[in-house]
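Student: Structure provided below as structure tokens; questions to follow.
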Amino acid sequence: MSVVVSPGSWLCPPRWTGVVALDGAILATVPGSELVELLRDLLLDQVGRADIDLAQVPAELPALDVLGPATLAYLAAGDFSAVHADTEVEALPAGHPDVRALLASVNGRDADESGLEEIASAAFVVRGGSSVIAAAGYRAWLNKAAHLSVLTVPECRGRGLARAVASAAVADALGNRLLPQWRARPEPSRRVARALGFRELGSQISVRLGP
């Protein structure tokens with residue numbers, strides 16, 4: 001278990017505290033050194049348990065806001081269950097106006113949860129008429145992992161569109177020798193990941209601490 005000072009950590013929003021648990025190990029970042037001992041003492045108790053439960057962390061801290069916990073799932077190339085469907089998937093540049101229009105069409109919570117605005121890969125999309133109704137892409141972390149982002153408009157969910165666009169994004173990531181990573185809180189998103197062959201191996205939580 002490691003706790004390090006990193007105000008600009010990628011594990012969480014700026015100036016927040018971020019905690020990731022993977023395969024029995026924990027990495028945490030804090031915005032200032034005054035929080036190191038507080039968080040280390042709390043997390044040491046978690047490491048000693050058979051199942052690490054990050055949902056308990058905010059209750060022991062002066063938390064003002066919390067994101068998560070969310071599951072972290074990963075996909076080995078040999079486990080990939082690609083989607084072969086009649087749905088046409090188109091590749092657009094990241095930041096394309098049609099992808100921005102998709103983001104603007106959903107509520108802010110869904111847009112933030114998807115992370116689609118942060119992708120650096122192409123956006124793999126499905127259209128309904130002229131409008132993009134589902135999209136997926138990824139951004140590379142340390143040139144090793146591909147952090148997936150997926151979004152479907154609410155009225156078109158449950159039709160397999162998320163699986164179709166996510167499958168195209170995963171195939172692209174694997175083709176670039178990256179390890180696909182899927183972060184999700186909602187169960188429907190977790191089901192999409194499992195359908196593609198992802199395995200849940202850890203969890204992540206972000207906490208904004210008060211004085």
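Please note that chains go A, B, ... in the order of the structure tokens, that every chain numbers its residues from 1, and that ligands are numbered from 1 in the order shown.
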Show me a table, sorted first by chain and then by increasing residue number, of the residues of region 51-75 of chain A having an atom at most 10 Å from region 8-22 of chain A, each with its shortest atom pair and the distance in Å to one decimal, counting only C-alpha atoms and written as a tab-separated table.
Tutor:
```
residue	atom	partner	partner_atom	distance
A:Ile52	CA	A:Ala21	CA	7.3
A:Asp53	CA	A:Ala21	CA	8.9
A:Leu54	CA	A:Ala21	CA	7.9
A:Val57	CA	A:Val19	CA	9.2
A:Ala63	CA	A:Thr17	CA	9.8
A:Asp65	CA	A:Trp16	CA	9.3
A:Val66	CA	A:Trp16	CA	9.4
A:Leu67	CA	A:Cys12	CA	8.7
A:Pro69	CA	A:Val19	CA	9.3
A:Ala70	CA	A:Val20	CA	9.6
A:Thr71	CA	A:Ala21	CA	9.5
A:Leu72	CA	A:Leu22	CA	8.1
A:Ala73	CA	A:Leu22	CA	9.7
```
Student: Could you please take those selected residues and save C-alpha atoms as a PDB file, in the first residue's frame?
Tutor:
```pdb
ATOM      1  CA  ILE A  52     -10.964  -4.409   0.076  1.00  0.00           C
ATOM      2  CA  ASP A  53     -14.068  -2.213   0.293  1.00  0.00           C
ATOM      3  CA  LEU A  54     -13.322   1.355  -0.812  1.00  0.00           C
ATOM      4  CA  VAL A  57     -13.243   5.035   3.033  1.00  0.00           C
ATOM      5  CA  ALA A  63     -15.376  14.071   2.978  1.00  0.00           C
ATOM      6  CA  ASP A  65     -17.802  15.076  -2.023  1.00  0.00           C
ATOM      7  CA  VAL A  66     -17.279  11.547  -3.352  1.00  0.00           C
ATOM      8  CA  LEU A  67     -17.001   9.980  -6.810  1.00  0.00           C
ATOM      9  CA  PRO A  69     -16.489   3.640  -5.876  1.00  0.00           C
ATOM     10  CA  ALA A  70     -16.285   2.308  -9.416  1.00  0.00           C
ATOM     11  CA  THR A  71     -15.074  -1.059 -10.628  1.00  0.00           C
ATOM     12  CA  LEU A  72     -11.932  -1.404 -12.724  1.00  0.00           C
ATOM     13  CA  ALA A  73     -11.938  -4.125 -15.358  1.00  0.00           C
TER      14      ALA A  73
END
```
Student: Need to verify the contact set: Val126 (chain A), 10 Å, only C-alpha atoms, exclusion of same-chain residues closer than 5 positions in sequence. Can you return it as a list in words?
Tutor: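 Contacts, in chain order: Thr87, Glu88, Val89, Glu90, Ala91, Ser131, Val132, Ile133, Ala134, Ala135, Ala136, Thr152, Leu161, Ala162, Ala164 and Val165 of chain A.
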Student: What does the distance from CA of Gly197 (chain A) to CA of Ser114 (chain A) come to in Å, to one decimal?
Tutor: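 It comes out at 19.3 Å.
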Student: May I ask which of the residues A:Ala94, A:Ala120, A:Val153, A:Leu75 is the closest one to Val106 (chain A), counting only C-alpha atoms?
Tutor: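 Among A:Ala94, A:Ala120, A:Val153, A:Leu75, it is A:Val153 that comes nearest to Val106 (chain A).
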Student: Need to verify the contact set: Ala166 (chain A), 8 Å, only C-alpha atoms, exclusion of same-chain residues closer than 5 positions in sequence. Can you return it as a list in words?
Tutor: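 Everything that qualifies: Phe124, Ala135, Ala136, Gly137, Leu148, Ser149 and Val150 of chain A.
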